[in-house]
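K.L.:
Next comes input-v9.pdb, PDB, C-alpha atoms:
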```pdb
ATOM      1  CA  MET E  64      13.977  -7.237  20.580
ATOM      2  CA  ARG E  65      11.708  -4.727  22.285
ATOM      3  CA  TRP E  66       9.645  -2.663  19.878
ATOM      4  CA  SER E  67       9.323   1.107  19.914
ATOM      5  CA  GLU E  68       7.942   3.613  17.426
ATOM      6  CA  GLU E  69      11.482   4.734  16.628
ATOM      7  CA  LYS E  70      12.661   1.153  16.063
ATOM      8  CA  LEU E  71       9.719   0.342  13.781
ATOM      9  CA  ASN E  72      10.193   3.469  11.688
ATOM     10  CA  GLN E  73      13.905   2.770  11.409
ATOM     11  CA  MET E  74      13.292  -0.751  10.117
ATOM     12  CA  LEU E  75      10.639   0.444   7.664
ATOM     13  CA  THR E  76      12.892   3.153   6.224
ATOM     14  CA  THR E  77      16.277   1.436   5.943
ATOM     15  CA  PRO E  78      16.856   0.829   2.211
ATOM     16  CA  SER E  79      18.129  -2.427   0.775
ATOM     17  CA  GLN E  80      21.180  -2.466  -1.449
ATOM     18  CA  ARG E  81      18.857  -3.190  -4.382
ATOM     19  CA  LEU E  82      16.879  -0.019  -3.755
ATOM     20  CA  ILE E  83      20.044   2.032  -3.300
ATOM     21  CA  GLU E  84      21.321   0.852  -6.667
ATOM     22  CA  ASP E  85      18.003   1.580  -8.363
ATOM     23  CA  MET E  86      17.853   5.035  -6.790
ATOM     24  CA  ARG E  87      20.993   5.906  -8.745
ATOM     25  CA  ARG E  88      19.072   5.075 -11.917
ATOM     26  CA  ILE E  89      15.945   7.060 -11.061
ATOM     27  CA  GLU E  90      16.598  10.467 -12.565
ATOM     28  CA  GLY E  91      15.227  13.545 -10.846
ATOM     29  CA  ASP E  92      13.133  14.363  -7.820
ATOM     30  CA  ILE E  93      10.219  12.310  -6.449
ATOM     31  CA  LEU E  94       6.811  13.806  -5.693
ATOM     32  CA  VAL E  95       4.493  11.728  -3.478
ATOM     33  CA  LEU E  96       0.811  12.665  -3.671
ATOM     34  CA  GLY E  97      -1.312  11.524  -0.732
ATOM     35  CA  ALA E  98       1.809  11.064   1.383
ATOM     36  CA  GLY E  99       0.120  11.413   4.770
ATOM     37  CA  GLY E 100      -1.673   8.066   4.779
ATOM     38  CA  LYS E 101      -0.713   4.673   6.147
ATOM     39  CA  MET E 102       2.226   3.959   3.830
ATOM     40  CA  GLY E 103       3.220   7.387   2.553
ATOM     41  CA  PRO E 104       5.297   8.727   5.462
ATOM     42  CA  THR E 105       7.666   5.754   5.628
ATOM     43  CA  LEU E 106       7.827   5.570   1.811
ATOM     44  CA  CYS E 107       9.010   9.188   1.678
ATOM     45  CA  VAL E 108      11.649   8.671   4.358
ATOM     46  CA  LEU E 109      12.757   5.432   2.696
ATOM     47  CA  ALA E 110      13.204   7.281  -0.608
ATOM     48  CA  LYS E 111      15.223  10.020   1.088
ATOM     49  CA  ASN E 112      17.424   7.515   2.905
ATOM     50  CA  ALA E 113      17.995   5.527  -0.285
ATOM     51  CA  ALA E 114      19.015   8.663  -2.192
ATOM     52  CA  ARG E 115      21.383   9.642   0.594
ATOM     53  CA  ALA E 116      22.930   6.162   0.677
ATOM     54  CA  ALA E 117      23.254   6.207  -3.122
ATOM     55  CA  GLY E 118      25.116   9.499  -2.977
ATOM     56  CA  VAL E 119      22.638  11.320  -5.217
ATOM     57  CA  GLU E 120      20.969  14.684  -4.684
ATOM     58  CA  LYS E 121      17.233  14.142  -4.864
ATOM     59  CA  ARG E 122      14.328  16.079  -3.431
ATOM     60  CA  VAL E 123      11.521  13.991  -1.976
ATOM     61  CA  ILE E 124       8.376  16.107  -1.789
ATOM     62  CA  ALA E 125       5.420  14.865   0.245
ATOM     63  CA  VAL E 126       1.969  16.307  -0.486
ATOM     64  CA  SER E 127      -0.921  15.816   1.942
ATOM     65  CA  ARG E 128      -3.211  17.653   4.329
ATOM     66  CA  PHE E 129      -0.946  16.377   7.154
ATOM     67  CA  SER E 130      -3.454  15.990   9.965
ATOM     68  CA  ASP E 131      -1.169  13.749  12.071
ATOM     69  CA  PRO E 132       1.563  15.642  13.984
ATOM     70  CA  LEU E 133       3.629  12.450  14.321
ATOM     71  CA  VAL E 134       3.787  12.207  10.529
ATOM     72  CA  VAL E 135       4.914  15.820  10.258
ATOM     73  CA  GLU E 136       7.629  15.213  12.841
ATOM     74  CA  LEU E 137       8.880  12.064  11.080
ATOM     75  CA  LEU E 138       9.117  13.779   7.690
ATOM     76  CA  LYS E 139      10.671  16.945   9.076
ATOM     77  CA  ASN E 140      13.325  15.032  11.002
ATOM     78  CA  ASN E 141      14.312  13.183   7.827
ATOM     79  CA  GLN E 142      14.554  16.197   5.503
ATOM     80  CA  VAL E 143      11.490  15.301   3.447
ATOM     81  CA  GLU E 144       9.941  18.444   1.991
ATOM     82  CA  MET E 145       6.253  18.919   2.782
ATOM     83  CA  VAL E 146       3.547  20.700   0.835
ATOM     84  CA  SER E 147       0.227  20.970   2.650
ATOM     85  CA  ALA E 148      -2.648  20.759   0.174
ATOM     86  CA  ASP E 149      -6.150  19.396  -0.339
ATOM     87  CA  LEU E 150      -5.784  17.895  -3.790
ATOM     88  CA  LEU E 151      -9.516  18.207  -4.456
ATOM     89  CA  GLU E 152      -9.468  21.978  -4.034
ATOM     90  CA  ARG E 153      -9.606  24.087  -7.189
ATOM     91  CA  GLY E 154      -6.130  25.215  -8.225
ATOM     92  CA  ALA E 155      -4.291  22.919  -5.796
ATOM     93  CA  LEU E 156      -2.575  20.830  -8.464
ATOM     94  CA  GLU E 157      -1.407  23.851 -10.411
ATOM     95  CA  LYS E 158       0.426  25.148  -7.323
ATOM     96  CA  LEU E 159       2.420  21.944  -6.837
ATOM     97  CA  PRO E 160       6.006  21.717  -8.076
ATOM     98  CA  ASP E 161       6.845  19.909 -11.286
ATOM     99  CA  ALA E 162       8.581  16.555 -10.885
ATOM    100  CA  PRO E 163       9.820  13.860 -13.261
ATOM    101  CA  ASN E 164       8.737  11.090 -10.854
ATOM    102  CA  VAL E 165       5.338  10.856  -9.166
ATOM    103  CA  VAL E 166       4.059   8.270  -6.702
ATOM    104  CA  TYR E 167       0.274   8.570  -6.600
ATOM    105  CA  MET E 168      -1.067   7.310  -3.249
ATOM    106  CA  ALA E 169      -4.175   9.474  -2.787
ATOM    107  CA  GLY E 170      -7.412   7.551  -2.405
ATOM    108  CA  LYS E 171     -10.524   6.886  -0.364
ATOM    109  CA  LYS E 172     -11.874   3.518   0.748
ATOM    110  CA  PHE E 173     -13.684   3.561   4.074
ATOM    111  CA  GLY E 174     -16.840   5.589   4.343
ATOM    112  CA  THR E 175     -17.738   4.878   0.722
ATOM    113  CA  GLU E 176     -21.179   3.476   1.519
ATOM    114  CA  GLY E 177     -23.567   6.419   1.527
ATOM    115  CA  ASN E 178     -20.877   8.749   0.162
ATOM    116  CA  GLU E 179     -20.173   7.086  -3.158
ATOM    117  CA  TRP E 180     -19.888  10.437  -4.930
ATOM    118  CA  SER E 181     -16.994  11.428  -2.664
ATOM    119  CA  THR E 182     -15.144   8.179  -3.279
ATOM    120  CA  TRP E 183     -15.507   8.531  -7.049
ATOM    121  CA  ALA E 184     -14.241  12.124  -6.868
ATOM    122  CA  MET E 185     -11.108  11.079  -4.994
ATOM    123  CA  ASN E 186     -10.461   7.791  -6.786
ATOM    124  CA  THR E 187     -11.406   8.654 -10.375
ATOM    125  CA  TRP E 188     -12.020  12.365 -10.968
ATOM    126  CA  LEU E 189      -8.841  13.497  -9.190
ATOM    127  CA  PRO E 190      -6.650  10.940 -11.007
ATOM    128  CA  SER E 191      -7.864  12.292 -14.338
ATOM    129  CA  ARG E 192      -6.637  15.746 -13.304
ATOM    130  CA  VAL E 193      -3.331  14.458 -11.908
ATOM    131  CA  ALA E 194      -2.729  12.489 -15.110
ATOM    132  CA  GLU E 195      -3.166  15.710 -17.088
ATOM    133  CA  ARG E 196      -1.020  17.804 -14.713
ATOM    134  CA  TYR E 197       1.871  15.306 -14.682
ATOM    135  CA  ARG E 198       1.504  13.933 -18.188
ATOM    136  CA  ASP E 199       5.274  14.196 -18.798
ATOM    137  CA  ALA E 200       6.282  12.363 -15.611
ATOM    138  CA  ARG E 201       6.856   8.728 -14.718
ATOM    139  CA  ILE E 202       3.945   7.799 -12.449
ATOM    140  CA  VAL E 203       3.489   4.861 -10.084
ATOM    141  CA  VAL E 204      -0.224   4.519  -9.329
ATOM    142  CA  PHE E 205      -1.278   2.757  -6.131
ATOM    143  CA  SER E 206      -4.208   0.412  -6.719
ATOM    144  CA  SER E 207      -5.718  -2.687  -5.128
ATOM    145  CA  GLY E 208      -5.572  -6.430  -5.587
ATOM    146  CA  ASN E 209      -9.299  -6.448  -4.795
ATOM    147  CA  LEU E 210      -9.961  -5.497  -8.409
ATOM    148  CA  TYR E 211      -9.404  -9.141  -9.266
ATOM    149  CA  PRO E 212     -12.119 -11.765  -8.789
ATOM    150  CA  LYS E 213     -12.134 -14.025  -5.767
ATOM    151  CA  VAL E 214     -10.322 -17.243  -6.683
ATOM    152  CA  PRO E 215      -9.925 -20.714  -5.120
ATOM    153  CA  VAL E 216      -7.535 -20.643  -2.189
ATOM    154  CA  ARG E 217      -5.348 -23.282  -3.845
ATOM    155  CA  SER E 218      -5.192 -21.512  -7.208
ATOM    156  CA  GLY E 219      -1.968 -19.628  -6.537
ATOM    157  CA  GLY E 220      -3.755 -16.289  -6.910
ATOM    158  CA  CYS E 221      -4.486 -13.896  -9.754
ATOM    159  CA  THR E 222      -1.708 -12.764 -12.055
ATOM    160  CA  GLU E 223      -1.494  -9.435 -13.834
ATOM    161  CA  GLN E 224      -3.131 -11.121 -16.835
ATOM    162  CA  THR E 225      -6.260 -12.093 -14.880
ATOM    163  CA  PRO E 226      -9.243  -9.995 -16.067
ATOM    164  CA  VAL E 227     -10.478  -7.642 -13.362
ATOM    165  CA  GLU E 228     -13.953  -8.026 -11.830
ATOM    166  CA  PRO E 229     -14.400  -5.190  -9.332
ATOM    167  CA  VAL E 230     -17.199  -5.696  -6.787
ATOM    168  CA  GLY E 231     -18.784  -2.623  -5.209
ATOM    169  CA  GLU E 232     -18.334   1.068  -5.850
ATOM    170  CA  TYR E 233     -15.009   1.384  -4.055
ATOM    171  CA  CYS E 234     -13.370  -1.239  -6.259
ATOM    172  CA  MET E 235     -15.065   0.143  -9.368
ATOM    173  CA  SER E 236     -13.720   3.602  -8.575
ATOM    174  CA  CYS E 237     -10.226   2.102  -8.151
ATOM    175  CA  LEU E 238     -10.510   0.632 -11.619
ATOM    176  CA  GLY E 239     -11.608   4.092 -12.764
ATOM    177  CA  ARG E 240      -8.375   5.464 -11.270
ATOM    178  CA  GLU E 241      -6.326   2.990 -13.268
ATOM    179  CA  ARG E 242      -8.248   3.793 -16.452
ATOM    180  CA  MET E 243      -7.671   7.543 -16.097
ATOM    181  CA  PHE E 244      -3.919   7.034 -15.931
ATOM    182  CA  GLU E 245      -4.135   4.525 -18.757
ATOM    183  CA  TYR E 246      -5.905   7.201 -20.812
ATOM    184  CA  ALA E 247      -2.950   9.526 -20.212
ATOM    185  CA  ALA E 248      -0.533   6.797 -21.252
ATOM    186  CA  ARG E 249      -2.400   6.077 -24.484
ATOM    187  CA  THR E 250      -3.118   9.730 -25.286
ATOM    188  CA  TYR E 251      -0.038  11.629 -24.097
ATOM    189  CA  GLY E 252       2.541   8.863 -23.889
ATOM    190  CA  THR E 253       2.705   9.224 -20.088
ATOM    191  CA  LYS E 254       4.839   6.513 -18.505
ATOM    192  CA  VAL E 255       2.629   4.687 -16.008
ATOM    193  CA  ALA E 256       3.071   1.724 -13.673
ATOM    194  CA  VAL E 257       0.080   0.350 -11.767
ATOM    195  CA  TYR E 258       0.825  -1.069  -8.318
ATOM    196  CA  ARG E 259      -1.785  -3.589  -7.109
ATOM    197  CA  LEU E 260      -1.300  -4.307  -3.422
ATOM    198  CA  ASN E 261      -2.685  -6.836  -0.935
ATOM    199  CA  TYR E 262      -1.956  -6.084   2.104
ATOM    200  CA  ALA E 263       0.876  -4.091   3.701
ATOM    201  CA  VAL E 264       1.869  -4.969   7.279
ATOM    202  CA  ASP E 265       3.198  -2.048   9.333
ATOM    203  CA  LEU E 266       2.474  -3.531  12.824
ATOM    204  CA  ARG E 267       0.445  -0.381  13.648
ATOM    205  CA  TYR E 268      -2.176  -1.591  11.178
ATOM    206  CA  GLY E 269      -2.773  -4.414   8.717
ATOM    207  CA  VAL E 270      -4.467  -7.801   8.502
ATOM    208  CA  LEU E 271      -2.253  -9.279  11.217
ATOM    209  CA  TYR E 272      -3.033  -6.399  13.555
ATOM    210  CA  ASP E 273      -6.761  -6.763  12.861
ATOM    211  CA  ILE E 274      -6.701 -10.463  13.724
ATOM    212  CA  ALA E 275      -4.592  -9.914  16.842
ATOM    213  CA  HIS E 276      -6.844  -7.079  18.016
ATOM    214  CA  ASN E 277      -9.923  -9.266  17.662
ATOM    215  CA  ILE E 278      -8.235 -12.010  19.649
ATOM    216  CA  LEU E 279      -7.457  -9.648  22.531
ATOM    217  CA  GLU E 280     -10.951  -8.160  22.473
ATOM    218  CA  GLY E 281     -12.615 -11.563  22.299
ATOM    219  CA  THR E 282     -14.269 -10.507  19.042
ATOM    220  CA  PRO E 283     -15.157 -13.416  16.750
ATOM    221  CA  ILE E 284     -12.931 -13.598  13.662
ATOM    222  CA  SER E 285     -14.788 -14.301  10.435
ATOM    223  CA  VAL E 286     -13.447 -17.183   8.379
ATOM    224  CA  ALA E 287     -15.833 -16.560   5.478
ATOM    225  CA  THR E 288     -12.770 -15.229   3.672
ATOM    226  CA  PRO E 289     -10.455 -18.090   4.616
ATOM    227  CA  SER E 290      -7.105 -16.812   3.289
ATOM    228  CA  PHE E 291      -5.168 -13.657   2.487
ATOM    229  CA  ASN E 292      -1.832 -12.358   1.233
ATOM    230  CA  CYS E 293       0.318  -9.794   3.004
ATOM    231  CA  ILE E 294       3.760  -8.193   2.777
ATOM    232  CA  TRP E 295       6.062  -6.245   5.103
ATOM    233  CA  GLN E 296       5.484  -2.559   4.444
ATOM    234  CA  GLY E 297       9.196  -1.908   4.046
ATOM    235  CA  ASP E 298       9.264  -4.351   1.121
ATOM    236  CA  ALA E 299       6.028  -2.935  -0.286
ATOM    237  CA  ASN E 300       7.378   0.608  -0.261
ATOM    238  CA  GLU E 301      10.638  -0.490  -1.858
ATOM    239  CA  ALA E 302       8.653  -2.102  -4.666
ATOM    240  CA  ALA E 303       6.728   1.139  -5.269
ATOM    241  CA  LEU E 304       9.892   3.214  -5.585
ATOM    242  CA  ARG E 305      11.713   0.687  -7.756
ATOM    243  CA  LEU E 306       8.646   0.438  -9.969
ATOM    244  CA  LEU E 307       9.371   3.963 -11.234
ATOM    245  CA  LEU E 308      12.015   2.365 -13.471
ATOM    246  CA  HIS E 309       9.361   0.184 -15.112
ATOM    247  CA  ALA E 310       6.780   2.882 -15.861
ATOM    248  CA  SER E 311       5.799   2.708 -19.515
ATOM    249  CA  SER E 312       3.348   4.220 -21.963
ATOM    250  CA  ASP E 313       2.155   0.629 -22.452
ATOM    251  CA  VAL E 314       1.115   0.703 -18.732
ATOM    252  CA  PHE E 315       3.122  -1.722 -16.613
ATOM    253  CA  ARG E 316       1.069  -3.606 -13.997
ATOM    254  CA  LEU E 317       2.534  -5.309 -10.967
ATOM    255  CA  ASN E 318       1.012  -7.355  -8.145
ATOM    256  CA  VAL E 319       2.706  -6.539  -4.844
ATOM    257  CA  THR E 320       2.352  -8.995  -1.969
ATOM    258  CA  GLY E 321       4.143 -11.817  -0.195
ATOM    259  CA  PRO E 322       4.641 -15.341  -1.548
ATOM    260  CA  GLU E 323       2.574 -17.072   1.146
ATOM    261  CA  THR E 324      -1.150 -17.799   1.112
ATOM    262  CA  ALA E 325      -1.989 -17.264   4.768
ATOM    263  CA  GLY E 326      -4.956 -19.057   6.324
ATOM    264  CA  VAL E 327      -7.066 -16.867   8.613
ATOM    265  CA  ARG E 328      -7.732 -19.682  11.081
ATOM    266  CA  GLU E 329      -4.099 -20.839  11.198
ATOM    267  CA  THR E 330      -2.748 -17.291  11.499
ATOM    268  CA  ALA E 331      -5.166 -16.498  14.322
ATOM    269  CA  ARG E 332      -4.101 -19.611  16.207
ATOM    270  CA  GLN E 333      -0.426 -18.646  15.866
ATOM    271  CA  LEU E 334      -1.109 -15.112  17.074
ATOM    272  CA  GLY E 335      -3.324 -16.426  19.861
ATOM    273  CA  ALA E 336      -0.557 -18.686  21.141
ATOM    274  CA  LEU E 337       1.897 -15.778  21.195
ATOM    275  CA  LEU E 338      -0.639 -13.495  22.895
ATOM    276  CA  GLN E 339      -1.765 -16.284  25.253
ATOM    277  CA  ARG E 340      -5.380 -15.853  24.227
ATOM    278  CA  GLU E 341      -7.685 -18.290  22.470
ATOM    279  CA  PRO E 342      -9.170 -16.895  19.237
ATOM    280  CA  VAL E 343     -12.905 -17.127  18.616
ATOM    281  CA  PHE E 344     -14.169 -17.784  15.100
ATOM    282  CA  CYS E 345     -17.452 -17.181  13.316
ATOM    283  CA  GLY E 346     -18.954 -17.770   9.886
ATOM    284  CA  GLU E 347     -18.525 -20.616   7.463
ATOM    285  CA  GLU E 348     -15.397 -21.022   5.418
ATOM    286  CA  THR E 349     -15.742 -20.664   1.678
ATOM    287  CA  ASP E 350     -13.162 -21.908  -0.798
ATOM    288  CA  THR E 351     -12.402 -18.537  -2.435
ATOM    289  CA  ALA E 352     -10.605 -15.335  -1.454
ATOM    290  CA  TYR E 353      -8.945 -12.238  -2.902
ATOM    291  CA  LEU E 354      -5.478 -13.612  -3.624
ATOM    292  CA  SER E 355      -2.691 -12.334  -5.854
ATOM    293  CA  ASN E 356       0.272 -14.053  -7.467
ATOM    294  CA  ALA E 357       3.292 -11.767  -7.170
ATOM    295  CA  GLY E 358       5.644 -13.934  -9.218
ATOM    296  CA  ARG E 359       6.360 -11.067 -11.616
ATOM    297  CA  MET E 360       7.438  -8.882  -8.716
ATOM    298  CA  PHE E 361       9.757 -11.581  -7.363
ATOM    299  CA  HIS E 362      11.295 -12.069 -10.814
ATOM    300  CA  LEU E 363      11.995  -8.360 -11.227
ATOM    301  CA  MET E 364      12.852  -7.364  -7.663
ATOM    302  CA  GLY E 365      13.630 -10.490  -5.672
ATOM    303  CA  TYR E 366      11.679 -12.024  -2.810
ATOM    304  CA  PRO E 367      10.450  -9.913   0.110
ATOM    305  CA  SER E 368      12.933  -9.683   2.966
ATOM    306  CA  VAL E 369      10.534 -10.634   5.778
ATOM    307  CA  PRO E 370       8.623 -13.962   5.690
ATOM    308  CA  LEU E 371       5.116 -14.417   7.059
ATOM    309  CA  GLU E 372       6.218 -16.353  10.161
ATOM    310  CA  THR E 373       8.438 -13.456  11.196
ATOM    311  CA  LEU E 374       5.683 -10.924  10.570
ATOM    312  CA  ILE E 375       3.350 -12.898  12.843
ATOM    313  CA  GLU E 376       5.962 -12.951  15.615
ATOM    314  CA  TRP E 377       6.685  -9.232  15.191
ATOM    315  CA  GLN E 378       2.983  -8.377  15.256
ATOM    316  CA  ALA E 379       2.359 -10.176  18.529
ATOM    317  CA  GLN E 380       5.438  -8.674  20.165
ATOM    318  CA  TRP E 381       4.506  -5.162  18.988
ATOM    319  CA  ILE E 382       1.193  -5.478  20.795
ATOM    320  CA  LEU E 383       2.740  -7.024  23.915
ATOM    321  CA  ASP E 384       5.258  -4.169  24.009
ATOM    322  CA  GLY E 385       2.426  -1.631  24.000
ATOM    323  CA  GLY E 386       2.804  -0.452  20.431
ATOM    324  CA  ARG E 387       0.138   1.970  19.248
ATOM    325  CA  ALA E 388      -2.491   1.355  16.581
ATOM    326  CA  LEU E 389      -3.494   3.656  13.747
ATOM    327  CA  GLY E 390      -7.134   2.661  14.120
ATOM    328  CA  LYS E 391      -7.450   1.851  10.423
ATOM    329  CA  PRO E 392      -8.807  -1.701   9.995
ATOM    330  CA  THR E 393      -8.340  -3.357   6.622
ATOM    331  CA  HIS E 394     -11.745  -5.110   6.504
ATOM    332  CA  PHE E 395      -9.929  -7.932   4.692
ATOM    333  CA  GLU E 396     -12.907 -10.214   5.388
ATOM    334  CA  GLU E 397     -15.294  -8.102   3.266
ATOM    335  CA  ARG E 398     -16.597 -10.089   0.279
ATOM    336  CA  LYS E 399     -19.310  -7.835  -1.161
ATOM    337  CA  GLY E 400     -17.292  -4.669  -1.716
ATOM    338  CA  SER E 401     -19.157  -2.627   0.883
ATOM    339  CA  TYR E 402     -16.830  -0.196   2.674
TER     340      TYR E 402
END
```
How would this structure read if it were set down as structure tokens?

P.N.:
Amino acid sequence: MRWSEEKLNQMLTTPSQRLIEDMRRIEGDILVLGAGGKMGPTLCVLAKNAARAAGVEKRVIAVSRFSDPLVVELLKNNQVEMVSADLLERGALEKLPDAPNVVYMAGKKFGTEGNEWSTWAMNTWLPSRVAERYRDARIVVFSSGNLYPKVPVRSGGCTEQTPVEPVGEYCMSCLGRERMFEYAARTYGTKVAVYRLNYAVDLRYGVLYDIAHNILEGTPISVATPSFNCIWQGDANEAALRLLLHASSDVFRLNVTGPETAGVRETARQLGALLQREPVFCGEETDTAYLSNAGRMFHLMGYPSVPLETLIEWQAQWILDGGRALGKPTHFEERKGSY
């Protein structure tokens, strides 16, 4: 298979039968806030395609500043409605349409250091306002698996019952985001589901792309964080949409990732062999990493459709075929919460 942008988008936005069936059960339109980021565009198209395949009339409304013309083209070509807005501007939320289902994807991570106030505004202050504005909706809130503590690589990862230990202001502000929606759930009865992700693989970005890029550039790959989890973005987006059915005033939390614990060194060697380049490593391996156990997700939604070995092969071929990059590194190796 030779990769192209069209082929990748098609694979990311073709719904499974499970999602199609669940889309029949999701009542009403879907509003996606922060839809112009890394995952939002394909999530919106996936939702629209699933609704169409399910035979249900459903508006999918994407809200973002839409700075990328390729994103605008993708959404327009797939009949996703677009509302251009800066959610931090006064009065912006009040102008948005009502919706019974909200996927909250807005957030800031990189550039936090030195601009902590801006990150807190986006990740905590804005969520408090969104929670008030959409208090009567079902809301899926994107969050991060990095809220959990680092755990031994052979531990199986953190479950949803593991107490959070955010490190650094970015992670603390993400916990603030969760708490603002939890406040709405406890105070107004808002139905909330928290979606804790580590890490989506889109081929244009992700942990696998970061490692492959370093290999090609001859940049040493840090093994200080020796392992990671990842999941095909198509599966990750399906989980977010299906999670709308589990939103609850008790706040439903779900880890979203793949079943494999991937070793950085081993993954780099596999990618290096496919790219015909020898990876270079640096740092000393520790025995802990940010790892999540997604057993609850698998129980509710089934296993992801694309295994790690396939993702590694796809990632290498995407690069060899000249696929573009979004230029958004994950910084998966960061251990001190400095972004």

K.L.:
At what distance in Å, to one decimal, does CA of Leu109 (chain E) lie from CA of Gln142 (chain E)?

P.N.:
11.3 Å

K.L.:
Name the residues that the PyMOL selection byres ((chain E and resi 212) around 9) pulls out of this structure, and write them as a PDB file with C-alpha atoms, in the frame of the given file.

P.N.:
```pdb
ATOM      1  CA  ASN E 209      -9.299  -6.448  -4.795  1.00  0.00           C
ATOM      2  CA  LEU E 210      -9.961  -5.497  -8.409  1.00  0.00           C
ATOM      3  CA  TYR E 211      -9.404  -9.141  -9.266  1.00  0.00           C
ATOM      4  CA  LYS E 213     -12.134 -14.025  -5.767  1.00  0.00           C
ATOM      5  CA  VAL E 214     -10.322 -17.243  -6.683  1.00  0.00           C
ATOM      6  CA  CYS E 221      -4.486 -13.896  -9.754  1.00  0.00           C
ATOM      7  CA  THR E 225      -6.260 -12.093 -14.880  1.00  0.00           C
ATOM      8  CA  PRO E 226      -9.243  -9.995 -16.067  1.00  0.00           C
ATOM      9  CA  VAL E 227     -10.478  -7.642 -13.362  1.00  0.00           C
ATOM     10  CA  GLU E 228     -13.953  -8.026 -11.830  1.00  0.00           C
ATOM     11  CA  PRO E 229     -14.400  -5.190  -9.332  1.00  0.00           C
ATOM     12  CA  VAL E 230     -17.199  -5.696  -6.787  1.00  0.00           C
ATOM     13  CA  ALA E 352     -10.605 -15.335  -1.454  1.00  0.00           C
ATOM     14  CA  TYR E 353      -8.945 -12.238  -2.902  1.00  0.00           C
ATOM     15  CA  LEU E 354      -5.478 -13.612  -3.624  1.00  0.00           C
TER      16      LEU E 354
END
```

K.L.:
Could you tell me which of E:Ala110, E:Val134, E:Glu329, E:Gly358 comes closest to Glu372 (chain E) if we count all atoms listed in the file?

P.N.:
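The answer is E:Glu329, which sits nearest to Glu372 (chain E).
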
K.L.:
Report, in Å with one decimal, the straight-line distance from CA of Asn300 (chain E) to CA of Asp92 (chain E).

P.N.:
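Interatomic distance, CA of Asn300 (chain E) to CA of Asp92 (chain E): 16.7 Å.
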
K.L.:
My list of candidates is E:Pro283, E:Gly365, E:Gly154, E:Gly231. Which is closest to Gly321 (chain E) when distances are computed with all atoms listed in the file?

P.N.:
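When distances to Gly321 (chain E) are compared using all atoms listed in the file, the smallest one comes from E:Gly365.
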